[in-house]
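**Q** Sharing my_file.cif, mmCIF, C-alpha atoms and all ligand atoms:
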```cif
data_my_file
#
loop_
_atom_site.group_PDB
_atom_site.id
_atom_site.type_symbol
_atom_site.label_atom_id
_atom_site.label_comp_id
_atom_site.auth_asym_id
_atom_site.auth_seq_id
_atom_site.Cartn_x
_atom_site.Cartn_y
_atom_site.Cartn_z
ATOM 1 C CA MET A 1144 138.317 169.002 264.018
ATOM 2 C CA VAL A 1145 138.859 167.563 260.550
ATOM 3 C CA SER A 1146 136.824 164.415 259.856
ATOM 4 C CA LEU A 1147 138.418 161.281 258.470
ATOM 5 C CA ALA A 1148 136.166 161.592 255.409
ATOM 6 C CA ALA A 1149 137.428 165.137 254.823
ATOM 7 C CA VAL A 1150 141.032 164.029 255.153
ATOM 8 C CA ARG A 1151 140.383 161.144 252.746
ATOM 9 C CA ARG A 1152 138.717 163.503 250.250
ATOM 10 C CA ARG A 1153 141.716 165.788 250.491
ATOM 11 C CA GLN A 1154 144.002 162.794 250.099
ATOM 12 C CA VAL A 1155 142.302 161.833 246.825
ATOM 13 C CA ASP A 1156 142.524 165.417 245.585
ATOM 14 C CA ASP A 1157 146.143 165.689 246.667
ATOM 15 C CA ASN A 1158 147.079 162.445 244.965
ATOM 16 C CA ARG A 1159 145.520 163.701 241.769
ATOM 17 C CA ARG A 1160 147.334 166.998 242.052
ATOM 18 C CA THR A 1161 150.645 165.447 243.045
ATOM 19 C CA ALA A 1162 150.912 162.804 240.322
ATOM 20 C CA PHE A 1163 154.480 163.391 239.199
ATOM 21 C CA SER A 1164 154.648 165.276 235.952
ATOM 22 C CA PRO A 1165 158.050 165.015 234.280
ATOM 23 C CA ASP A 1166 156.957 167.497 231.613
ATOM 24 C CA ALA A 1167 156.087 170.148 234.138
ATOM 25 C CA MET A 1168 159.037 169.072 236.331
ATOM 26 C CA SER A 1169 156.857 169.746 239.337
ATOM 27 C CA PHE A 1170 155.583 167.862 242.353
ATOM 28 C CA GLU A 1171 153.231 169.465 244.784
ATOM 29 C CA VAL A 1172 153.681 168.257 248.344
ATOM 30 C CA ALA A 1173 150.612 168.226 250.597
ATOM 31 C CA ASP A 1174 150.365 170.985 253.200
ATOM 32 C CA THR A 1175 151.577 170.211 256.689
ATOM 33 C CA LEU A 1176 149.941 166.900 257.542
ATOM 34 C CA ASP A 1177 147.211 166.925 260.176
ATOM 35 C CA MET A 1178 148.331 164.864 263.165
ATOM 36 C CA SER A 1179 145.818 166.333 265.637
ATOM 37 C CA THR A 1180 143.687 163.196 266.152
ATOM 38 C CA PRO A 1181 144.439 159.472 265.798
ATOM 39 C CA ALA A 1182 142.121 159.269 262.737
ATOM 40 C CA ALA A 1183 143.685 162.301 261.063
ATOM 41 C CA LYS A 1184 147.146 160.908 261.812
ATOM 42 C CA ARG A 1185 146.319 157.561 260.199
ATOM 43 C CA ALA A 1186 144.967 159.274 257.089
ATOM 44 C CA SER A 1187 147.974 161.596 256.989
ATOM 45 C CA TYR A 1188 150.405 158.672 257.021
ATOM 46 C CA GLU A 1189 148.420 156.991 254.223
ATOM 47 C CA LEU A 1190 148.866 160.196 252.253
ATOM 48 C CA LEU A 1191 152.575 160.349 253.092
ATOM 49 C CA ALA A 1192 153.131 156.800 251.785
ATOM 50 C CA ALA A 1193 151.129 157.596 248.628
ATOM 51 C CA GLN A 1194 153.148 160.746 248.073
ATOM 52 C CA ALA A 1195 156.409 158.864 248.602
ATOM 53 C CA ARG A 1196 155.302 156.334 245.990
ATOM 54 C CA SER A 1197 154.453 159.069 243.455
ATOM 55 C CA LEU A 1198 157.616 161.008 244.219
ATOM 56 C CA ILE A 1199 160.054 158.172 243.510
ATOM 57 C CA GLU A 1200 158.060 156.520 240.743
ATOM 58 C CA GLY A 1201 160.311 155.819 237.736
ATOM 59 C CA GLU A 1202 163.523 156.548 239.657
ATOM 60 C CA ARG A 1203 165.622 153.970 241.544
ATOM 61 C CA ASP A 1204 168.770 156.003 242.208
ATOM 62 C CA MET A 1205 169.611 155.801 245.913
ATOM 63 C CA VAL A 1206 170.861 159.344 246.507
ATOM 64 C CA ALA A 1207 167.990 160.864 244.513
ATOM 65 C CA ASN A 1208 165.303 158.862 246.314
ATOM 66 C CA LEU A 1209 166.720 159.330 249.815
ATOM 67 C CA ALA A 1210 167.119 163.077 249.277
ATOM 68 C CA GLN A 1211 163.582 163.416 247.918
ATOM 69 C CA PHE A 1212 162.092 161.272 250.688
ATOM 70 C CA SER A 1213 163.843 163.318 253.397
ATOM 71 C CA ALA A 1214 162.605 166.543 251.821
ATOM 72 C CA LEU A 1215 159.050 165.196 251.537
ATOM 73 C CA VAL A 1216 158.988 164.278 255.235
ATOM 74 C CA TRP A 1217 160.598 167.570 256.247
ATOM 75 C CA GLN A 1218 158.083 169.598 254.234
ATOM 76 C CA SER A 1219 154.935 167.802 255.314
ATOM 77 C CA VAL A 1220 155.423 166.307 258.797
ATOM 78 C CA PRO A 1221 155.055 168.762 261.695
ATOM 79 C CA GLU A 1222 157.325 169.196 264.739
ATOM 80 C CA LEU A 1223 160.611 167.831 263.392
ATOM 81 C CA ASN A 1224 164.081 169.310 263.699
ATOM 82 C CA TRP A 1225 165.928 166.552 261.773
ATOM 83 C CA ALA A 1226 164.863 163.900 259.271
ATOM 84 C CA GLY A 1227 167.187 161.721 257.273
ATOM 85 C CA PHE A 1228 169.274 158.661 256.680
ATOM 86 C CA TYR A 1229 172.324 156.972 258.097
ATOM 87 C CA LEU A 1230 173.687 154.359 255.689
ATOM 88 C CA ALA A 1231 175.064 151.024 256.930
ATOM 89 C CA ARG A 1232 178.761 150.728 256.125
ATOM 90 C CA GLY A 1233 180.292 147.694 257.837
ATOM 91 C CA GLU A 1234 179.716 148.085 261.576
ATOM 92 C CA GLN A 1235 179.202 151.825 261.260
ATOM 93 C CA LEU A 1236 176.490 154.191 260.111
ATOM 94 C CA VAL A 1237 177.496 157.062 257.824
ATOM 95 C CA VAL A 1238 175.279 160.090 257.382
ATOM 96 C CA GLY A 1239 173.299 160.164 254.142
ATOM 97 C CA PRO A 1240 170.729 162.523 252.635
ATOM 98 C CA PHE A 1241 168.894 164.496 255.332
ATOM 99 C CA GLN A 1242 167.150 167.749 256.245
ATOM 100 C CA GLY A 1243 168.037 169.728 259.340
ATOM 101 C CA LYS A 1244 171.192 170.967 261.021
ATOM 102 C CA VAL A 1245 174.584 169.433 260.218
ATOM 103 C CA ALA A 1246 174.919 166.143 262.083
ATOM 104 C CA CYS A 1247 177.424 163.563 263.326
ATOM 105 C CA VAL A 1248 179.014 161.857 260.321
ATOM 106 C CA ARG A 1249 179.786 158.370 261.647
ATOM 107 C CA ILE A 1250 177.969 156.406 264.347
ATOM 108 C CA PRO A 1251 179.218 152.951 265.368
ATOM 109 C CA PHE A 1252 176.497 150.291 265.704
ATOM 110 C CA SER A 1253 177.443 150.234 269.411
ATOM 111 C CA LYS A 1254 176.452 153.879 270.022
ATOM 112 C CA GLY A 1255 173.348 156.025 270.274
ATOM 113 C CA VAL A 1256 169.737 155.484 269.302
ATOM 114 C CA CYS A 1257 170.677 154.976 265.651
ATOM 115 C CA GLY A 1258 173.249 152.340 266.609
ATOM 116 C CA ALA A 1259 170.663 150.535 268.751
ATOM 117 C CA CYS A 1260 168.310 150.471 265.755
ATOM 118 C CA ALA A 1261 171.037 149.162 263.430
ATOM 119 C CA ARG A 1262 172.089 146.485 265.962
ATOM 120 C CA SER A 1263 168.620 145.238 266.778
ATOM 121 C CA ARG A 1264 166.970 146.041 263.439
ATOM 122 C CA GLU A 1265 164.042 147.201 265.522
ATOM 123 C CA ILE A 1266 162.266 150.540 265.589
ATOM 124 C CA GLN A 1267 163.523 152.758 268.409
ATOM 125 C CA LEU A 1268 160.869 155.052 269.839
ATOM 126 C CA VAL A 1269 162.442 157.334 272.432
ATOM 127 C CA GLU A 1270 160.054 159.678 274.218
ATOM 128 C CA ASP A 1271 162.822 161.492 276.087
ATOM 129 C CA VAL A 1272 166.290 161.313 274.555
ATOM 130 C CA HIS A 1273 167.858 162.660 277.760
ATOM 131 C CA ALA A 1274 166.775 159.459 279.518
ATOM 132 C CA PHE A 1275 168.286 157.195 276.814
ATOM 133 C CA PRO A 1276 171.741 155.969 277.872
ATOM 134 C CA GLY A 1277 174.274 156.826 275.163
ATOM 135 C CA HIS A 1278 172.026 159.117 273.146
ATOM 136 C CA ILE A 1279 174.138 161.199 270.741
ATOM 137 C CA ALA A 1280 173.030 164.830 270.799
ATOM 138 C CA CYS A 1281 173.678 166.206 267.320
ATOM 139 C CA ASP A 1282 171.285 169.082 267.988
ATOM 140 C CA SER A 1283 170.607 170.246 271.544
ATOM 141 C CA ALA A 1284 167.041 171.139 270.463
ATOM 142 C CA SER A 1285 166.126 167.436 270.137
ATOM 143 C CA ASN A 1286 163.994 165.978 272.919
ATOM 144 C CA SER A 1287 162.448 162.878 271.321
ATOM 145 C CA GLU A 1288 163.495 160.547 268.536
ATOM 146 C CA LEU A 1289 162.189 157.803 266.256
ATOM 147 C CA VAL A 1290 164.590 155.583 264.308
ATOM 148 C CA LEU A 1291 163.468 152.945 261.793
ATOM 149 C CA PRO A 1292 165.593 150.205 260.249
ATOM 150 C CA VAL A 1293 165.651 149.959 256.457
ATOM 151 C CA VAL A 1294 166.043 146.268 255.662
ATOM 152 C CA VAL A 1295 166.122 144.880 252.121
ATOM 153 C CA GLY A 1296 166.020 141.100 251.944
ATOM 154 C CA ASP A 1297 168.196 140.123 254.908
ATOM 155 C CA ARG A 1298 170.434 143.185 254.640
ATOM 156 C CA LEU A 1299 170.293 146.279 256.839
ATOM 157 C CA VAL A 1300 170.968 149.064 254.331
ATOM 158 C CA ALA A 1301 170.228 152.157 256.428
ATOM 159 C CA VAL A 1302 168.272 153.664 259.276
ATOM 160 C CA PHE A 1303 165.805 156.536 258.949
ATOM 161 C CA ASP A 1304 166.156 158.953 261.851
ATOM 162 C CA LEU A 1305 163.639 161.555 263.005
ATOM 163 C CA ASP A 1306 164.204 164.073 265.794
ATOM 164 C CA SER A 1307 161.697 166.407 267.423
ATOM 165 C CA PRO A 1308 162.023 169.311 269.821
ATOM 166 C CA ARG A 1309 158.841 168.070 271.575
ATOM 167 C CA THR A 1310 159.194 165.399 274.247
ATOM 168 C CA ALA A 1311 157.071 162.322 273.364
ATOM 169 C CA ARG A 1312 156.398 163.683 269.861
ATOM 170 C CA PHE A 1313 156.269 160.147 268.407
ATOM 171 C CA ASP A 1314 153.903 157.275 269.261
ATOM 172 C CA ALA A 1315 153.112 153.824 267.859
ATOM 173 C CA GLU A 1316 150.978 155.376 265.110
ATOM 174 C CA ASP A 1317 153.938 157.474 263.930
ATOM 175 C CA ALA A 1318 156.126 154.374 264.002
ATOM 176 C CA ARG A 1319 153.602 152.410 261.899
ATOM 177 C CA GLY A 1320 153.099 155.324 259.512
ATOM 178 C CA PHE A 1321 156.784 155.939 258.889
ATOM 179 C CA ALA A 1322 157.455 152.195 258.599
ATOM 180 C CA ALA A 1323 154.919 152.001 255.736
ATOM 181 C CA ALA A 1324 156.463 154.994 253.946
ATOM 182 C CA VAL A 1325 160.007 153.638 254.447
ATOM 183 C CA GLN A 1326 158.848 150.309 253.028
ATOM 184 C CA VAL A 1327 157.697 152.069 249.851
ATOM 185 C CA LEU A 1328 161.093 153.753 249.596
ATOM 186 C CA ALA A 1329 163.043 150.554 250.304
ATOM 187 C CA ALA A 1330 161.236 148.619 247.575
ATOM 188 C CA GLY A 1331 161.562 151.418 245.012
ATOM 189 C CA THR A 1332 165.302 152.036 245.434
ATOM 190 C CA ASP A 1333 168.509 150.320 244.307
ATOM 191 C CA TRP A 1334 170.652 150.292 247.465
ATOM 192 C CA ALA A 1335 174.345 150.870 246.841
HETATM 193 N N1 LIG B 1401 170.565 161.116 268.115
HETATM 194 C C1 LIG B 1401 171.143 160.116 267.259
HETATM 195 C C2 LIG B 1401 172.283 160.654 266.448
HETATM 196 C C3 LIG B 1401 171.899 161.176 265.124
HETATM 197 S S1 LIG B 1401 171.248 162.730 265.185
HETATM 198 O O1 LIG B 1401 170.078 162.763 266.037
HETATM 199 C C4 LIG B 1401 170.893 163.325 263.673
HETATM 200 C C5 LIG B 1401 171.601 158.944 268.084
HETATM 201 O O2 LIG B 1401 171.604 158.987 269.310
HETATM 202 O O3 LIG B 1401 171.995 157.934 267.482
#
```
Output the file's structure as structure tokens, nothing else.
**A**
Amino acid sequence: MVSLAAVRRRQVDDNRRTAFSPDAMSFEVADTLDMSTPAAKRASYELLAAQARSLIEGERDMVANLAQFSALVWQSVPELNWAGFYLARGEQLVVGPFQGKVACVRIPFSKGVCGACARSREIQLVEDVHAFPGHIACDSASNSELVLPVVVGDRLVAVFDLDSPRTARFDAEDARGFAAAVQVLAAGTDWA
């Protein structure tokens, strides 16, 4: 088992190593984050938010930041089969930058887990998508889902959607962790 102190030490090292270097044009993403214990998970989400901050530092372009954020999550968070954005366009969501299999392009606010998130502006944590009325199955491998609203001022600009092949992959700690990282992204981006 990895101790919290060890994870923190690694976090400091990783932050040093990952400071964005425009000259080198490189950014080293941490290895697969350790989510094996509640303490390791908390430290891992702190690292994810710090990496998101470093990754988008000095860049406010929406497409660039959303693409980079999706890739960061995809590379470092275990047990995902889709991670990305749906952008709010009127009463519909339109697919944005993501990682994973091709997905549904448009989702009305009235449909699916993403629509429920857009409507309510509340995090949707679905342990078993097959038990969620109206769930939209973009990938039959998905068994659980976490969707977070991206709100800037009083405007819903997008939702961030995560799918996992493992039932009950996400818990309240994941929701808190992703909410913090999404907050970093929301504040550092000019939303079109
Ligand atoms: N499952 C989502 C649709 C989007 S895909 O999972 C990428 C939903 O029910 O809204």
**Q** Translate the PyMOL selection byres (((not hetatm)) within 9 of (chain B and resi 1401)), as applied to the file shown, into an explicit residue set as a PyMOL selection string.
**A** chain A and resi 1225-1229+1238+1241+1243-1248+1250+1254-1260+1272+1275+1277-1282+1285+1287-1288+1290+1304-1306
**Q** What is the atom CA of A:Tyr1188 to atom CA of A:Ser1263 distance in Å?
**A**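 That distance, rounded to one decimal, is 24.6 Å.
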**Q** May I ask for the distance between atom CA of A:Arg1185 and atom CA of A:Ser1169, given in Å to one decimal place?
**A** 26.4 Å
**Q** Rank A:Thr1180, A:Ala1274, A:Ala1261, A:Glu1189 by their smallest atom-to-atom distance to A:Leu1230, using all atoms listed in the file, and report the top residue only.
**A** A:Ala1261
**Q** Translate the PyMOL selection byres (((chain A and resi 1213) around 7) and not hetatm), as applied to the file shown, into an explicit residue set as a PDB file with C-alpha atoms, in the coordinates of the input.
**A**
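Now in result-v2.pdb:
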```pdb
ATOM      1  CA  LEU A1209     166.720 159.330 249.815  1.00  0.00           C
ATOM      2  CA  ALA A1210     167.119 163.077 249.277  1.00  0.00           C
ATOM      3  CA  GLN A1211     163.582 163.416 247.918  1.00  0.00           C
ATOM      4  CA  PHE A1212     162.092 161.272 250.688  1.00  0.00           C
ATOM      5  CA  ALA A1214     162.605 166.543 251.821  1.00  0.00           C
ATOM      6  CA  LEU A1215     159.050 165.196 251.537  1.00  0.00           C
ATOM      7  CA  VAL A1216     158.988 164.278 255.235  1.00  0.00           C
ATOM      8  CA  TRP A1217     160.598 167.570 256.247  1.00  0.00           C
ATOM      9  CA  ALA A1226     164.863 163.900 259.271  1.00  0.00           C
ATOM     10  CA  GLY A1227     167.187 161.721 257.273  1.00  0.00           C
ATOM     11  CA  PRO A1240     170.729 162.523 252.635  1.00  0.00           C
ATOM     12  CA  PHE A1241     168.894 164.496 255.332  1.00  0.00           C
ATOM     13  CA  GLN A1242     167.150 167.749 256.245  1.00  0.00           C
TER      14      GLN A1242
END
```
**Q** Would you compute the distance between atom CA of A:Val1206 and atom CA of A:Trp1334? Give it in Å to one decimal.
**A** 9.1 Å
**Q** Can you spell out as a PDB file with C-alpha atoms, keeping the file's coordinate frame the set of residues that the PyMOL selection byres (((chain A and resi 1308) around 9) and not hetatm) selects in the structure I just provided?
**A**
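Generated file (expr_31.pdb):
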```pdb
ATOM      1  CA  GLU A1222     157.325 169.196 264.739  1.00  0.00           C
ATOM      2  CA  LEU A1223     160.611 167.831 263.392  1.00  0.00           C
ATOM      3  CA  ASN A1224     164.081 169.310 263.699  1.00  0.00           C
ATOM      4  CA  SER A1283     170.607 170.246 271.544  1.00  0.00           C
ATOM      5  CA  ALA A1284     167.041 171.139 270.463  1.00  0.00           C
ATOM      6  CA  SER A1285     166.126 167.436 270.137  1.00  0.00           C
ATOM      7  CA  ASN A1286     163.994 165.978 272.919  1.00  0.00           C
ATOM      8  CA  SER A1287     162.448 162.878 271.321  1.00  0.00           C
ATOM      9  CA  GLU A1288     163.495 160.547 268.536  1.00  0.00           C
ATOM     10  CA  ASP A1306     164.204 164.073 265.794  1.00  0.00           C
ATOM     11  CA  SER A1307     161.697 166.407 267.423  1.00  0.00           C
ATOM     12  CA  ARG A1309     158.841 168.070 271.575  1.00  0.00           C
ATOM     13  CA  THR A1310     159.194 165.399 274.247  1.00  0.00           C
ATOM     14  CA  ARG A1312     156.398 163.683 269.861  1.00  0.00           C
TER      15      ARG A1312
END
```
**Q** Pick from A:Glu1234, A:Asp1333, A:Glu1265, A:Glu1270: nearest to A:Pro1292, with only C-alpha atoms counted?
**A** A:Glu1265
**Q** Skip stretch 1319-1329 of chain A itself and residues of its chain fewer than 3 positions away, then list as a ChimeraX atom specification all residues within 6 Å of it, counting all atoms listed in the file.
**A** /A:1188,1192,1316,1332
**Q** I need the chosen residues saved as a CSV table (one decimal), keeping the file's coordinate frame, with C-alpha atoms.
**A**
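Output contents, as saved in again_36.csv:
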```
chain,number,residue,atom,x,y,z
A,1188,TYR,CA,150.4,158.7,257.0
A,1192,ALA,CA,153.1,156.8,251.8
A,1316,GLU,CA,151.0,155.4,265.1
A,1332,THR,CA,165.3,152.0,245.4
```
**Q** For A:Leu1198, which residue among A:Ala1173, A:Arg1249, A:Ala1318, A:Gly1296 is the nearest when counting all atoms listed in the file?
**A**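 The closest residue to A:Leu1198 is A:Ala1173.
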**Q** List as a PDB file with C-alpha atoms, in the frame of the given file the protein and nucleic acid residues near A:Ser1219, meaning an atom at most 6 Å away when only C-alpha atoms are counted, but skip any in the same chain fewer than 4 places from it.
**A**
```pdb
ATOM      1  CA  ASP A1174     150.365 170.985 253.200  1.00  0.00           C
ATOM      2  CA  THR A1175     151.577 170.211 256.689  1.00  0.00           C
ATOM      3  CA  LEU A1176     149.941 166.900 257.542  1.00  0.00           C
TER       4      LEU A1176
END
```
**Q** Padding 3 Å on every side, please: axis-aligned box over the listed atoms of stretch 1204-1207 of chain A, centre and edge lengths to one decimal in Å, as JSON.
**A**
```
{"center_x": 169.4, "center_y": 158.3, "center_z": 244.4, "size_x": 8.9, "size_y": 11.1, "size_z": 10.3}
```
**Q** Can you work out which one of A:Ala1330, A:Ala1193, A:Ala1315, A:Val1302 has the shortest atom-to-atom distance to A:Val1237, counting all atoms listed in the file?
**A** A:Val1302
